[in-house]
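Data block below; observations after.
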Amino acid sequence: MTQTWIPGKDEALEASIDRLHHCVSELGFHIEEGRWLNPAPHVWSVHIRDRECPQVFANGKGSTHQAALASAYGELLERLSTRYLWADFYLTPVLKRFGFIHQSDEIWFDTSQRDEHAWPEALLDDHTLNHFDPERELTLGELQDLNGGDSGHGVCALPYSRISDGRQVLIPVNIIGNLFVSNGMSAGNNRDEALVQGLSEIFERGIKNRIISDAITLPEVPASVLERYPGIQAGMSALEAAGFTLRALDGSLGGRYPVMCIVLQNPADGGVYASFGAHPRFGVALERAMTELLQGRALDELEGFPAPTTDMDLVNEPYNLELHFIDSSGYVSWALLGDRPDVAFHDWDDPRDNAATKQALIDLLAEDGHEVYVAEHTALGAYACRILVPGFSEVYPADELKWHNNNQALSHRATLFNLPSAGHHAWQQLLETLEHHGVNEQLRVLEWAGIVGDPGTSWARLRIGELKLWLMLALEDTEGAMAQLSMILGSGHLSLDERTRLRALEDVLSLLNADADLEEFRRALNVYHGEALVEEAEELAQAQVLFPSLPALDPRSPTVAHGRLLEAYEKVLHGQRWSGRIHPAGRPS
């Protein structure tokens with residue numbers, strides 16, 4: 001068999017692909033290779049997915065076909081091992097069958113007999129508690145996770161090892177999912193390799209945020225240095241031949257951090273795209289910046305990026321920084337295109353093995369005042385880990401736990417499962433939650449609740465704004481419903497059929513709110529909308545029909561698509577046994 005070795009990897013690519021493919025296939029997944037792209041020399045990317053459950057997917061990138069495929073399988077294995085692929089979904093039904101929801105060593109903290117401000121002694125350590133909740137404002141109820149927080153078990157936490165002293169620290173799943181999302185996850189041929197990859201990713205994103213937020217002008221990589229990497233030069237030359245302008249920049253901030261950057265300017269539309277990569281090896285970091293630039297993108301998809309700006313409030317807006325985490329498509333300041341760098345170029349490189357560079361990365365984080373926490377996973381046949389560095393590797397700030405927690409739907413899932421018969425109190429509570437938290441009216445309701453919708457169904461199409469309308473009508477708030485309806489009709493997502501039906505409802509509501517007798521206008525209404533739609537609108541406006549086309553959902557498997565998602569999840573849980581426990585009450589804080 002051909003043996004292809006690349007820097008930073010402790011096994012040949014062919015052997016890695018074969019082993020990871022075997023691990024995934026043994027679980028019962030049938031992986032298909034989707035979109036392959038090779039838009040420039042030495043730049044490859046691929047999308048892979050499960051044939052039965054499209055939510056099981058991964059993306060890979062690399063300088064060769066094999067490197068990209070190995071990257072994709074590594075990402076898939078890490079996301080299966082950490083359960084990240086199911087982080088946004090309702091998973092409570094698996095608890096009854098397996099005895100656990102996330103990992104077999106999870107630990108639950110019972111909240112039913114506890115004062116809401118009492119804090120279990122065993123949950124978090126001083127460092128994480130002071131970081132995540134410095135004012136001690138969080139309640140345990142707010143830390144129930146989206147996936148299984150409605151199970152009645154309380155707060156679920158996972159054990160992490162604190163690298164500085166090896167102590168086990170229990171960290172709530174809710175905090176991990178809300179703040180860290182996918183940052184710091186990795187899989188590798190061995191522990192050291194995976195930790196280097198995960199730590200490098202954390203440095204890439206953390207230092208990128210610092211560079212973008214602080215408007216730091218980076219030094220350009222000299223041509224004499226770029227000549228050492230002909231593959232990267234060839235890729236850059238191909239993009240330049242296509243009409244783009246590129247700069248390779250040293251993002252190490254004076255040789256301290258293993259980070260590189262490639263900036264692409266599109267003269268056709270003025271857009272700027274900044275791609276970052278990190279690894280202790282200079283060439284690997286630069287290659288990752290290059291492959292990240294084109295991951296999942298053909299040359300004709302390098303348009304539409306925002307132009308550089310001098311408005312730092314815009315650059316530092318949380319949503320903009322989130323875009324940089326997701327796909328690097330946010331605003332950057334003109335500083336990134338400056339010719340007078342704030343730091344000098346450093347020709348850095350660490351050619352040592354993964355064991356040595358892993359420790360160097362950990363030591364660097366410690367020097368910067370950070371604690372490192374690691375959860376390790378080997379049950380699926382290969383090594384994977386998840387690394388948390390509070391204060392450095394979060395994607396979202398800690399106050400998200402209080403104001404934008406992803407578990408807002410938890411106490412309302414039972415209402416959504418059986419909307420028509422839930423009753424006035426449940427409807428009112430649901431409406432108040434949607435309004436109090438300012439839930440995005442364009443967000444799909446099932447997505448908010450963590451449920452996969454069946455394409456083409458009313459449930460799958462239903463958005464928060466429309467749910468609020470049906471709730472107001474059920475509660476006989478016709479004035480509120482009229483205002484809500486106007487906002488919905490002003491949006492652009494409605495189908496022609498939906499818009500037609502809602503316009504009939506708007507006319508009927510308008511007349512009823514004016515205390516008009518509908519019979520006096522029925523002939524005109526029928527001309528405009530037709531008898532069937534007018535009759536339907538009247539029944540909705542007078543709360544004779546509630547929540548149209550929204551049948552009850554089965555909590556065990558709310559939709560066909562969600563049933564497939566749960567079946568896929570059970571594949572990774574199969575054969576494991578719960579080794580955790582329900583934790584007794586701890587001392588009050």
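FYI, nothing fancy with the structure tokens labels: chains A, B, ... in order, residues from 1 per chain, ligands from 1 as they appear.
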Margin query: Quick check for you: according to DSSP on this backbone, which residues of region 54-232 of chain A are classed as alpha helix (DSSP H)? Reply as a PyMOL selection string.
Written below: chain A and resi 65-81+93-98+126-132+173-175+191-213+223-226+230-232
Neighbouring residues of region 289-306 of chain A were defined as those with any atom within 10 Å, considering only C-alpha atoms; residues of the same chain fewer than 6 positions away were excluded. Please report them as a PyMOL selection string.
chain A and resi 35-40+42-47+59-63+68+204+232-233+235-236+238-239+242+244+248-249+259-278+283+327-332
Please, could you write that set of residues out with C-alpha atoms as a PDB file, in the first residue's frame?
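out-v6.pdb, freshly written:
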ATOM      1  CA  ARG A  35     -18.663  17.570  -2.824  1.00  0.00           C
ATOM      2  CA  TRP A  36     -14.996  17.337  -3.772  1.00  0.00           C
ATOM      3  CA  LEU A  37     -13.235  20.590  -4.660  1.00  0.00           C
ATOM      4  CA  ASN A  38      -9.752  21.273  -5.991  1.00  0.00           C
ATOM      5  CA  PRO A  39      -9.983  24.977  -6.946  1.00  0.00           C
ATOM      6  CA  ALA A  40      -6.226  25.581  -6.913  1.00  0.00           C
ATOM      7  CA  HIS A  42      -2.428  21.773  -3.569  1.00  0.00           C
ATOM      8  CA  VAL A  43      -5.819  22.823  -2.160  1.00  0.00           C
ATOM      9  CA  TRP A  44      -8.448  20.097  -1.692  1.00  0.00           C
ATOM     10  CA  SER A  45     -11.663  19.877   0.320  1.00  0.00           C
ATOM     11  CA  VAL A  46     -14.429  17.314   0.719  1.00  0.00           C
ATOM     12  CA  HIS A  47     -17.814  16.947   2.411  1.00  0.00           C
ATOM     13  CA  ASN A  59     -15.767  18.486   6.184  1.00  0.00           C
ATOM     14  CA  GLY A  60     -12.095  17.990   5.437  1.00  0.00           C
ATOM     15  CA  LYS A  61      -9.320  19.983   3.838  1.00  0.00           C
ATOM     16  CA  GLY A  62      -5.704  19.430   2.896  1.00  0.00           C
ATOM     17  CA  SER A  63      -3.022  19.901   0.283  1.00  0.00           C
ATOM     18  CA  ALA A  68      -8.477  16.161   2.805  1.00  0.00           C
ATOM     19  CA  GLU A 204      -5.806  29.909  15.725  1.00  0.00           C
ATOM     20  CA  ILE A 232       1.528  27.131  -1.157  1.00  0.00           C
ATOM     21  CA  GLN A 233       3.092  29.483  -3.675  1.00  0.00           C
ATOM     22  CA  GLY A 235      -1.956  27.847  -4.859  1.00  0.00           C
ATOM     23  CA  MET A 236      -1.538  31.567  -4.266  1.00  0.00           C
ATOM     24  CA  ALA A 238      -3.464  30.315  -9.187  1.00  0.00           C
ATOM     25  CA  LEU A 239      -5.729  32.610  -7.193  1.00  0.00           C
ATOM     26  CA  ALA A 242      -7.910  34.319 -11.346  1.00  0.00           C
ATOM     27  CA  PHE A 244      -7.525  37.998  -6.674  1.00  0.00           C
ATOM     28  CA  ALA A 248       0.648  35.793   3.421  1.00  0.00           C
ATOM     29  CA  LEU A 249       0.976  37.288   6.907  1.00  0.00           C
ATOM     30  CA  VAL A 259      -0.491  31.298  13.871  1.00  0.00           C
ATOM     31  CA  MET A 260      -0.432  32.314  10.189  1.00  0.00           C
ATOM     32  CA  CYS A 261      -2.839  34.293   8.045  1.00  0.00           C
ATOM     33  CA  ILE A 262      -3.637  34.633   4.358  1.00  0.00           C
ATOM     34  CA  VAL A 263      -5.702  37.634   3.282  1.00  0.00           C
ATOM     35  CA  LEU A 264      -7.577  37.591  -0.009  1.00  0.00           C
ATOM     36  CA  GLN A 265      -8.756  40.811  -1.662  1.00  0.00           C
ATOM     37  CA  ASN A 266     -11.296  40.713  -4.458  1.00  0.00           C
ATOM     38  CA  PRO A 267     -10.799  43.817  -6.637  1.00  0.00           C
ATOM     39  CA  ALA A 268     -14.065  43.061  -8.485  1.00  0.00           C
ATOM     40  CA  ASP A 269     -16.297  43.804  -5.473  1.00  0.00           C
ATOM     41  CA  GLY A 270     -13.895  45.185  -2.853  1.00  0.00           C
ATOM     42  CA  GLY A 271     -14.399  42.232  -0.541  1.00  0.00           C
ATOM     43  CA  VAL A 272     -11.756  41.015   1.903  1.00  0.00           C
ATOM     44  CA  TYR A 273     -11.458  37.532   3.379  1.00  0.00           C
ATOM     45  CA  ALA A 274      -8.967  36.672   6.142  1.00  0.00           C
ATOM     46  CA  SER A 275      -8.117  33.015   6.670  1.00  0.00           C
ATOM     47  CA  PHE A 276      -6.041  31.799   9.622  1.00  0.00           C
ATOM     48  CA  GLY A 277      -4.235  28.557  10.377  1.00  0.00           C
ATOM     49  CA  ALA A 278      -2.172  27.336  13.320  1.00  0.00           C
ATOM     50  CA  GLY A 283       4.697  25.400   6.997  1.00  0.00           C
ATOM     51  CA  ASP A 327     -16.581  30.740   8.105  1.00  0.00           C
ATOM     52  CA  SER A 328     -14.288  33.789   8.448  1.00  0.00           C
ATOM     53  CA  SER A 329     -16.711  35.898   6.402  1.00  0.00           C
ATOM     54  CA  GLY A 330     -17.093  38.813   8.826  1.00  0.00           C
ATOM     55  CA  TYR A 331     -15.834  42.382   8.607  1.00  0.00           C
ATOM     56  CA  VAL A 332     -12.153  43.159   9.134  1.00  0.00           C
TER      57      VAL A 332
END
* Leu76 (chain A): which residues within 9 Å, counting only C-alpha atoms, same-chain residues fewer than 6 positions away excluded, as a VMD selection string? -> chain A and resid 20 24 48 to 49 56 to 59 85 187
Review point. Leaving out Ile6 (chain A) and any residue of its chain fewer than 6 positions from it, which residues lie within 12 Å of it when counting only C-alpha atoms, given as a VMD selection string?
Key: chain A and resid 12 to 14 16 62 to 64 66 to 68 70 281 283 to 284 287
Grab the residues selected above and save them as a compact mmCIF listing (two decimals), in the first residue's frame with N, CA, C and O atoms.
# COMPACT_ATOMS: atom_id res chain seq x y z
N ALA A 12 0.86 7.24 8.38
CA ALA A 12 0.61 7.53 6.98
C ALA A 12 -0.87 7.85 6.76
O ALA A 12 -1.74 7.30 7.42
N LEU A 13 -1.15 8.73 5.80
CA LEU A 13 -2.53 9.14 5.54
C LEU A 13 -3.41 7.93 5.20
O LEU A 13 -4.56 7.83 5.65
N GLU A 14 -2.88 7.02 4.40
CA GLU A 14 -3.67 5.85 4.00
C GLU A 14 -4.07 5.01 5.20
O GLU A 14 -5.21 4.53 5.30
N SER A 16 -4.33 6.09 8.32
CA SER A 16 -5.29 6.87 9.12
C SER A 16 -6.70 6.76 8.53
O SER A 16 -7.68 6.51 9.26
N GLY A 62 -7.11 19.79 2.89
CA GLY A 62 -5.70 19.43 2.90
C GLY A 62 -5.05 19.78 1.58
O GLY A 62 -5.71 20.23 0.63
N SER A 63 -3.76 19.55 1.50
CA SER A 63 -3.02 19.90 0.28
C SER A 63 -3.09 18.80 -0.77
O SER A 63 -2.67 19.00 -1.91
N THR A 64 -3.63 17.63 -0.39
CA THR A 64 -3.81 16.54 -1.34
C THR A 64 -5.18 15.91 -1.12
O THR A 64 -5.84 16.14 -0.10
N GLN A 66 -5.83 12.79 -0.45
CA GLN A 66 -5.78 11.92 0.73
C GLN A 66 -5.77 12.72 2.03
O GLN A 66 -6.41 12.33 3.01
N ALA A 67 -5.06 13.84 2.04
CA ALA A 67 -5.01 14.65 3.25
C ALA A 67 -6.38 15.21 3.59
O ALA A 67 -6.78 15.26 4.76
N ALA A 68 -7.13 15.64 2.57
CA ALA A 68 -8.48 16.16 2.80
C ALA A 68 -9.40 15.08 3.32
O ALA A 68 -10.23 15.31 4.23
N ALA A 70 -8.54 12.30 4.97
CA ALA A 70 -8.14 11.98 6.34
C ALA A 70 -8.66 13.05 7.31
O ALA A 70 -9.12 12.74 8.42
N ARG A 281 4.46 23.86 13.51
CA ARG A 281 5.29 23.91 12.31
C ARG A 281 4.82 25.07 11.44
O ARG A 281 3.65 25.15 11.06
N GLY A 283 5.26 25.80 8.28
CA GLY A 283 4.70 25.40 7.00
C GLY A 283 3.31 24.81 7.12
O GLY A 283 2.44 25.04 6.27
N VAL A 284 3.08 24.03 8.17
CA VAL A 284 1.75 23.43 8.38
C VAL A 284 0.73 24.52 8.69
O VAL A 284 -0.39 24.52 8.17
N GLU A 287 -0.02 26.34 5.48
CA GLU A 287 -0.83 25.48 4.61
C GLU A 287 -2.27 25.44 5.09
O GLU A 287 -3.22 25.48 4.28
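Proximity ranking of A:Leu565, A:Leu473, A:Glu531, A:Val560 relative to Gln544 (chain A) places A:Leu473 first, based on only C-alpha atoms.
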Shell of 8 Å around region 353-366 of chain A, only C-alpha atoms, local chain residues under 5 positions omitted, as number ranges by chain: A: 8, 192-193, 195-196, 199-200, 280, 371-372
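Across the structure, CA of Leu77 (chain A) and CA of Pro93 (chain A) are spaced 23.4 Å apart.
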Write out as a list in words the set of residues from region 328-417 of chain A that DSSP, computed on the backbone, places in strand (DSSP E).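 Residues of region 328-417 of chain A classed as strand (DSSP E): Tyr373, Val374, Ala375, Glu376, His377, Tyr383, Ala384, Cys385, Arg386, Ile387 and Leu388 of chain A.
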Would you output that residue set with all heavy atoms, as a compact mmCIF listing (two decimals), in the first residue's frame?
# COMPACT_ATOMS: atom_id res chain seq x y z
N TYR A 373 -8.50 22.35 30.32
CA TYR A 373 -9.31 21.21 30.75
C TYR A 373 -9.56 20.31 29.55
O TYR A 373 -9.91 20.79 28.46
CB TYR A 373 -10.64 21.68 31.32
CG TYR A 373 -10.51 22.63 32.49
CD1 TYR A 373 -10.23 23.99 32.29
CD2 TYR A 373 -10.65 22.18 33.80
CE1 TYR A 373 -10.10 24.86 33.37
CE2 TYR A 373 -10.52 23.05 34.89
CZ TYR A 373 -10.25 24.39 34.66
OH TYR A 373 -10.11 25.25 35.73
N VAL A 374 -9.38 18.99 29.74
CA VAL A 374 -9.47 18.06 28.62
C VAL A 374 -10.37 16.88 28.98
O VAL A 374 -10.25 16.30 30.06
CB VAL A 374 -8.08 17.52 28.21
CG1 VAL A 374 -8.22 16.55 27.04
CG2 VAL A 374 -7.15 18.66 27.84
N ALA A 375 -11.28 16.55 28.07
CA ALA A 375 -12.05 15.30 28.15
C ALA A 375 -11.56 14.40 27.01
O ALA A 375 -11.46 14.84 25.86
CB ALA A 375 -13.54 15.57 28.01
N GLU A 376 -11.24 13.15 27.33
CA GLU A 376 -10.67 12.24 26.34
C GLU A 376 -11.64 11.09 26.07
O GLU A 376 -12.31 10.59 26.97
CB GLU A 376 -9.33 11.71 26.85
CG GLU A 376 -8.35 12.85 27.15
CD GLU A 376 -7.00 12.36 27.65
OE1 GLU A 376 -6.86 12.20 28.87
OE2 GLU A 376 -6.12 12.16 26.81
N HIS A 377 -11.68 10.67 24.79
CA HIS A 377 -12.64 9.66 24.35
C HIS A 377 -11.93 8.62 23.48
O HIS A 377 -11.29 8.98 22.49
CB HIS A 377 -13.77 10.31 23.57
CG HIS A 377 -14.43 11.45 24.28
ND1 HIS A 377 -15.31 11.27 25.32
CD2 HIS A 377 -14.32 12.80 24.10
CE1 HIS A 377 -15.72 12.46 25.75
NE2 HIS A 377 -15.13 13.40 25.03
N TYR A 383 -8.55 7.75 19.16
CA TYR A 383 -8.44 8.78 20.20
C TYR A 383 -9.09 10.08 19.72
O TYR A 383 -8.84 10.57 18.61
CB TYR A 383 -6.98 9.05 20.55
CG TYR A 383 -6.83 10.10 21.64
CD1 TYR A 383 -6.81 9.75 22.98
CD2 TYR A 383 -6.77 11.46 21.31
CE1 TYR A 383 -6.71 10.71 23.98
CE2 TYR A 383 -6.67 12.42 22.30
CZ TYR A 383 -6.64 12.04 23.63
OH TYR A 383 -6.57 13.00 24.62
N ALA A 384 -9.92 10.66 20.58
CA ALA A 384 -10.51 11.98 20.34
C ALA A 384 -10.55 12.73 21.66
O ALA A 384 -10.54 12.11 22.74
CB ALA A 384 -11.91 11.86 19.75
N CYS A 385 -10.59 14.04 21.58
CA CYS A 385 -10.61 14.83 22.81
C CYS A 385 -11.37 16.13 22.57
O CYS A 385 -11.63 16.53 21.44
CB CYS A 385 -9.20 15.14 23.30
SG CYS A 385 -8.23 16.16 22.15
N ARG A 386 -11.71 16.74 23.69
CA ARG A 386 -12.30 18.08 23.66
C ARG A 386 -11.57 18.91 24.69
O ARG A 386 -11.46 18.52 25.86
CB ARG A 386 -13.80 18.02 23.98
CG ARG A 386 -14.53 19.32 23.73
CD ARG A 386 -16.02 19.12 23.86
NE ARG A 386 -16.78 20.17 23.20
CZ ARG A 386 -18.06 20.08 22.87
NH1 ARG A 386 -18.71 18.97 23.13
NH2 ARG A 386 -18.69 21.08 22.29
N ILE A 387 -11.05 20.07 24.27
CA ILE A 387 -10.21 20.91 25.12
C ILE A 387 -10.94 22.22 25.38
O ILE A 387 -11.42 22.88 24.44
CB ILE A 387 -8.86 21.21 24.44
CG1 ILE A 387 -8.17 19.90 24.01
CG2 ILE A 387 -7.96 22.01 25.37
CD1 ILE A 387 -6.98 20.12 23.08
N LEU A 388 -11.02 22.61 26.63
CA LEU A 388 -11.63 23.88 27.03
C LEU A 388 -10.57 24.74 27.69
O LEU A 388 -9.84 24.27 28.57
CB LEU A 388 -12.79 23.66 28.00
CG LEU A 388 -13.86 22.63 27.63
CD1 LEU A 388 -14.91 22.53 28.74
CD2 LEU A 388 -14.50 22.95 26.29
* Provide the CA of Arg210 (chain A) to CA of Gly255 (chain A) distance in Å, to one decimal place. =>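 Here the two named atoms are 15.1 Å from each other.
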> Quick one: residues within 12 Å of Ala537 (chain A), only C-alpha atoms counted, chain neighbours fewer than 4 positions away excluded, as a VMD selection string?
Replying inline: chain A and resid 470 473 500 to 512 518 522 525 to 526 529 to 533 541 to 546 548
- Query: Given the choices A:His437, A:His346, A:Arg162, A:Arg191, which gets closest to Gly251 (chain A) if the distance is worked out from only C-alpha atoms?
  - Reply: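 The closest residue to Gly251 (chain A) is A:His346.
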